[in-house]
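Working notes, beginning with the structure itself.
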Amino acid sequence: MIRFLVLFLCLVTSIPVLAADYKVLRVVDGDTVYVDFNKNGLADKDERVRLNGIDAFETHAGNHLDWQMKTYGFSRKEVLTLGYMGMEFAREKLLGNYVDVEFTAEDLSDKYGRPLVSIKYNKNKSFEREMLKHGFASVYRLSNKAPELLRYEKLSKIKRNAKRSDDYDLQFYNYKTGVYYPINSDEAQNSENKLINIQN
């Protein structure tokens with residue numbers, strides 16, 4: 001059954017079970033990127049992948065951000081700062097670079113239909129492990145990769161990074177309207193808004 005699902009997924013989405021040297025075209029956040037599997041230079045909808053085994057901090061307002069605030073005892077700005085730092089780390093390490101991508105999950109995709117993969121960059125370096133080691137993500141406990149990744153999770157670094165929230169002036173920006181919104185405003189709930197650091 002698994003082999004059939006893998007074959008079906010590969011045929012439907014053009015995503016191979018093991019892909020070497022594919023370019024990362026877009027970074028959504030610390031655990032979601034677009035990989036150019038069909039090599040057309042465009043971030044196509046079916047090329048959006050989710051990293052297996054980690055949960056990066058949020059860069060959008062919503063229920064998961066609220067859950068992270070409650071779970072870690074962080075403020076909204078602290079969670080968003082962690083999310084921003086993870087997103088910037090992913091941009092620095094992955095965006096525009098060629099990576100190896102491998103299916104490592106039992107379910108192949110998450111509840112949103114994103115393929116669950118592991119990414120290696122810079123000569124076989126695990127991106128998921130690096131996110132954990134730098135304190136930009138936690139282990140997703142329901143993943144089949146959780147037992148392997150738990151040793152890399154650094155709660156002390158996560159807390160230390162959260163304390164750096166005053167170093168950032170985060171706001172949500174709507175590229176369509178050109179309007180900035182404070183992170184605690186009602187307008188921040190709009191999924192089209194992008195988290196930016198206006199100090200940059």
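Here's how to read the names in the structure tokens: chain A, B, ... by the order shown, residue numbers from 1 in each chain, ligand numbers from 1 in the order shown.
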Show me, as a tab-separated table, the residues of stretch 70-112 of chain A having an atom within 7 Å of stretch 17-40 of chain A, each with the closest atom pair and its distance in Å, using only C-alpha atoms.
```
residue	atom	partner	partner_atom	distance
A:Gly83	CA	A:Gly30	CA	6.9
A:Gly86	CA	A:Gly30	CA	4.7
A:Met87	CA	A:Gly30	CA	4.4
A:Ala90	CA	A:Gly30	CA	5.7
A:Arg91	CA	A:Val27	CA	6.2
A:Leu94	CA	A:Val24	CA	6.1
A:Leu95	CA	A:Val24	CA	5.2
A:Gly96	CA	A:Val24	CA	5.4
A:Asn97	CA	A:Lys23	CA	5.4
A:Tyr98	CA	A:Lys23	CA	4.2
A:Val99	CA	A:Asp21	CA	5.0
A:Asp100	CA	A:Ala20	CA	4.3
A:Val101	CA	A:Ala19	CA	5.0
A:Glu102	CA	A:Leu18	CA	4.6
A:Phe103	CA	A:Val17	CA	5.5
```
If DSSP is run on the backbone, what residues of stretch 5-156 of chain A are alpha helix (DSSP H)? A reply as a PyMOL selection string would be ideal. chain A and resi 5-13+63-72+76-93+127-133+146-149+155-156
Write a file of the selected residues as a CSV table (one decimal), in the first residue's frame, keeping N, CA and C atoms.
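After the write, out_37.csv holds the following:
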```
chain,number,residue,atom,x,y,z
A,5,LEU,N,1.1,4.3,-2.8
A,5,LEU,CA,0.9,5.7,-2.5
A,5,LEU,C,2.1,6.5,-2.9
A,6,VAL,N,3.3,6.0,-2.7
A,6,VAL,CA,4.5,6.8,-3.1
A,6,VAL,C,4.5,6.9,-4.6
A,7,LEU,N,4.2,5.8,-5.3
A,7,LEU,CA,4.2,5.9,-6.8
A,7,LEU,C,3.1,6.8,-7.2
A,8,PHE,N,1.9,6.8,-6.6
A,8,PHE,CA,0.8,7.6,-7.0
A,8,PHE,C,1.2,9.1,-6.8
A,9,LEU,N,1.8,9.4,-5.6
A,9,LEU,CA,2.2,10.8,-5.3
A,9,LEU,C,3.2,11.3,-6.3
A,10,CYS,N,4.2,10.4,-6.6
A,10,CYS,CA,5.2,10.8,-7.6
A,10,CYS,C,4.6,11.2,-8.9
A,11,LEU,N,3.6,10.3,-9.4
A,11,LEU,CA,3.0,10.6,-10.7
A,11,LEU,C,2.2,11.8,-10.7
A,12,VAL,N,1.4,12.0,-9.6
A,12,VAL,CA,0.5,13.2,-9.5
A,12,VAL,C,1.2,14.5,-9.3
A,13,THR,N,2.2,14.5,-8.4
A,13,THR,CA,2.8,15.8,-8.1
A,13,THR,C,4.2,16.0,-8.6
A,63,ASN,N,-4.6,30.0,15.4
A,63,ASN,CA,-4.7,29.1,16.6
A,63,ASN,C,-3.4,28.4,17.0
A,64,HIS,N,-2.5,28.1,16.0
A,64,HIS,CA,-1.3,27.5,16.4
A,64,HIS,C,-0.3,28.4,17.1
A,65,LEU,N,-0.4,29.7,16.7
A,65,LEU,CA,0.4,30.7,17.4
A,65,LEU,C,-0.1,30.8,18.9
A,66,ASP,N,-1.4,30.8,19.0
A,66,ASP,CA,-2.0,30.9,20.4
A,66,ASP,C,-1.5,29.6,21.2
A,67,TRP,N,-1.5,28.5,20.6
A,67,TRP,CA,-1.1,27.2,21.2
A,67,TRP,C,0.3,27.3,21.6
A,68,GLN,N,1.2,27.8,20.8
A,68,GLN,CA,2.6,28.0,21.1
A,68,GLN,C,2.8,28.9,22.3
A,69,MET,N,2.1,30.0,22.3
A,69,MET,CA,2.2,31.0,23.4
A,69,MET,C,1.8,30.3,24.7
A,70,LYS,N,0.7,29.5,24.7
A,70,LYS,CA,0.3,28.9,25.9
A,70,LYS,C,1.3,27.8,26.3
A,71,THR,N,1.7,27.0,25.4
A,71,THR,CA,2.6,25.8,25.7
A,71,THR,C,3.9,26.3,26.3
A,72,TYR,N,4.5,27.4,25.7
A,72,TYR,CA,5.8,27.8,26.2
A,72,TYR,C,5.8,29.0,27.1
A,76,ARG,N,3.1,36.9,22.4
A,76,ARG,CA,2.9,36.8,21.0
A,76,ARG,C,4.1,37.3,20.3
A,77,LYS,N,4.7,38.4,20.7
A,77,LYS,CA,5.9,38.9,20.1
A,77,LYS,C,7.1,37.9,20.2
A,78,GLU,N,7.2,37.2,21.3
A,78,GLU,CA,8.3,36.2,21.5
A,78,GLU,C,8.1,35.0,20.5
A,79,VAL,N,6.9,34.5,20.3
A,79,VAL,CA,6.6,33.4,19.4
A,79,VAL,C,6.9,33.9,18.0
A,80,LEU,N,6.4,35.1,17.6
A,80,LEU,CA,6.6,35.6,16.3
A,80,LEU,C,8.1,35.9,16.0
A,81,THR,N,8.8,36.3,17.0
A,81,THR,CA,10.3,36.5,16.9
A,81,THR,C,11.0,35.2,16.6
A,82,LEU,N,10.6,34.2,17.3
A,82,LEU,CA,11.2,32.8,17.0
A,82,LEU,C,10.8,32.4,15.6
A,83,GLY,N,9.6,32.6,15.2
A,83,GLY,CA,9.1,32.3,13.8
A,83,GLY,C,9.9,33.1,12.8
A,84,TYR,N,10.1,34.4,13.1
A,84,TYR,CA,10.9,35.2,12.1
A,84,TYR,C,12.3,34.7,12.0
A,85,MET,N,12.9,34.4,13.2
A,85,MET,CA,14.3,34.0,13.2
A,85,MET,C,14.5,32.6,12.4
A,86,GLY,N,13.5,31.7,12.6
A,86,GLY,CA,13.5,30.4,11.9
A,86,GLY,C,13.4,30.6,10.4
A,87,MET,N,12.5,31.6,10.0
A,87,MET,CA,12.2,31.8,8.6
A,87,MET,C,13.5,32.4,8.0
A,88,GLU,N,14.1,33.4,8.7
A,88,GLU,CA,15.4,34.0,8.1
A,88,GLU,C,16.5,32.9,8.0
A,89,PHE,N,16.6,32.0,9.0
A,89,PHE,CA,17.5,30.9,8.9
A,89,PHE,C,17.3,30.1,7.7
A,90,ALA,N,16.0,29.7,7.4
A,90,ALA,CA,15.7,28.9,6.3
A,90,ALA,C,16.0,29.7,5.0
A,91,ARG,N,15.8,31.0,5.0
A,91,ARG,CA,16.1,31.8,3.8
A,91,ARG,C,17.7,31.8,3.5
A,92,GLU,N,18.4,31.9,4.6
A,92,GLU,CA,19.9,32.0,4.5
A,92,GLU,C,20.4,30.7,4.0
A,93,LYS,N,19.9,29.6,4.6
A,93,LYS,CA,20.5,28.2,4.3
A,93,LYS,C,19.9,27.6,3.0
A,127,PHE,N,18.7,19.8,7.6
A,127,PHE,CA,18.2,21.1,7.9
A,127,PHE,C,17.3,21.0,9.2
A,128,GLU,N,16.6,19.9,9.3
A,128,GLU,CA,15.7,19.8,10.5
A,128,GLU,C,16.6,19.8,11.8
A,129,ARG,N,17.7,19.1,11.8
A,129,ARG,CA,18.5,19.1,13.0
A,129,ARG,C,19.1,20.5,13.3
A,130,GLU,N,19.5,21.2,12.2
A,130,GLU,CA,20.0,22.5,12.4
A,130,GLU,C,19.0,23.5,13.0
A,131,MET,N,17.8,23.4,12.5
A,131,MET,CA,16.7,24.2,13.1
A,131,MET,C,16.6,24.0,14.6
A,132,LEU,N,16.6,22.7,15.0
A,132,LEU,CA,16.5,22.3,16.4
A,132,LEU,C,17.7,22.8,17.2
A,133,LYS,N,18.9,22.6,16.7
A,133,LYS,CA,20.1,22.9,17.4
A,133,LYS,C,20.2,24.4,17.6
A,146,ALA,N,10.5,11.8,15.4
A,146,ALA,CA,10.6,12.4,16.8
A,146,ALA,C,11.7,11.7,17.6
A,147,PRO,N,11.7,10.3,17.7
A,147,PRO,CA,12.8,9.7,18.6
A,147,PRO,C,14.2,10.0,18.1
A,148,GLU,N,14.4,10.2,16.8
A,148,GLU,CA,15.7,10.5,16.3
A,148,GLU,C,16.1,11.9,16.5
A,149,LEU,N,15.1,12.8,16.5
A,149,LEU,CA,15.4,14.3,16.6
A,149,LEU,C,15.4,14.9,18.0
A,155,LEU,N,15.6,23.4,24.3
A,155,LEU,CA,14.7,24.3,24.9
A,155,LEU,C,15.4,25.6,25.5
A,156,SER,N,16.6,25.4,26.0
A,156,SER,CA,17.3,26.6,26.5
A,156,SER,C,17.6,27.6,25.5
```
Excluding same-chain residues fewer than 3 positions from A:Tyr168, what lies within 9 Å of it counting only C-alpha atoms, as a list in words?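 Here the qualifying residues turn out to be Thr81, Arg164, Ser165, Asn197, Ile198 and Gln199 of chain A.
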Check the smallest atom-to-atom distance from each of A:Glu192, A:Val139, A:Glu58, A:Ser118 to A:Lys176 using only C-alpha atoms, then report the winner.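 Comparing A:Glu192, A:Val139, A:Glu58, A:Ser118 against A:Lys176, the winner is A:Glu192.
Picture a line from atom CA of A:Lys163 to atom CA of A:Asn52; it runs 26.9 Å.
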Selection: 8 Å around stretch 105-110 of chain A, only C-alpha atoms, excl. self and same-chain fewer than 2 positions, as a VMD selection string: chain A and resid 6 50 52 103 112 to 117 143 to 145
A:Ser138 surroundings by only C-alpha atoms, 7 Å radius, close-in-sequence under 6 positions cut, as a list in words: Ile54, Asp55, Ala56, Leu132 and Glu153 of chain A
Store the residues picked out above, limited to N, CA and C atoms, as a PDB file, in the first residue's frame.
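Output (selection.pdb):
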```pdb
ATOM      1  N   ILE A  54       9.720  18.386  12.664  1.00  0.00           N
ATOM      2  CA  ILE A  54       9.911  19.608  13.444  1.00  0.00           C
ATOM      3  C   ILE A  54       8.685  20.504  13.340  1.00  0.00           C
ATOM      4  N   ASP A  55       8.562  21.374  14.331  1.00  0.00           N
ATOM      5  CA  ASP A  55       7.491  22.365  14.349  1.00  0.00           C
ATOM      6  C   ASP A  55       8.143  23.720  14.574  1.00  0.00           C
ATOM      7  N   ALA A  56       8.285  24.489  13.502  1.00  0.00           N
ATOM      8  CA  ALA A  56       8.858  25.823  13.624  1.00  0.00           C
ATOM      9  C   ALA A  56       7.824  26.754  14.257  1.00  0.00           C
ATOM     10  N   LEU A 132      16.613  22.701  14.972  1.00  0.00           N
ATOM     11  CA  LEU A 132      16.482  22.332  16.380  1.00  0.00           C
ATOM     12  C   LEU A 132      17.690  22.792  17.190  1.00  0.00           C
ATOM     13  N   GLU A 153      16.845  18.841  20.100  1.00  0.00           N
ATOM     14  CA  GLU A 153      15.978  19.925  20.562  1.00  0.00           C
ATOM     15  C   GLU A 153      16.643  20.668  21.724  1.00  0.00           C
TER      16      GLU A 153
END
```
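Here atom CA of A:Ile119 and atom CA of A:Asp46 stand 16.8 Å from one another.
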Which value, in Å to one decimal, gives the distance between atom CA of A:Ser126 and atom CA of A:Leu51?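 Atom CA of A:Leu51 lies at a distance of 10.7 Å from atom CA of A:Ser126.
Of the listed residues A:Lys45, A:Ser185, A:Lys194, A:Phe74, the one whose atoms come nearest to A:Tyr173 is A:Lys194, with distances taken using only C-alpha atoms.
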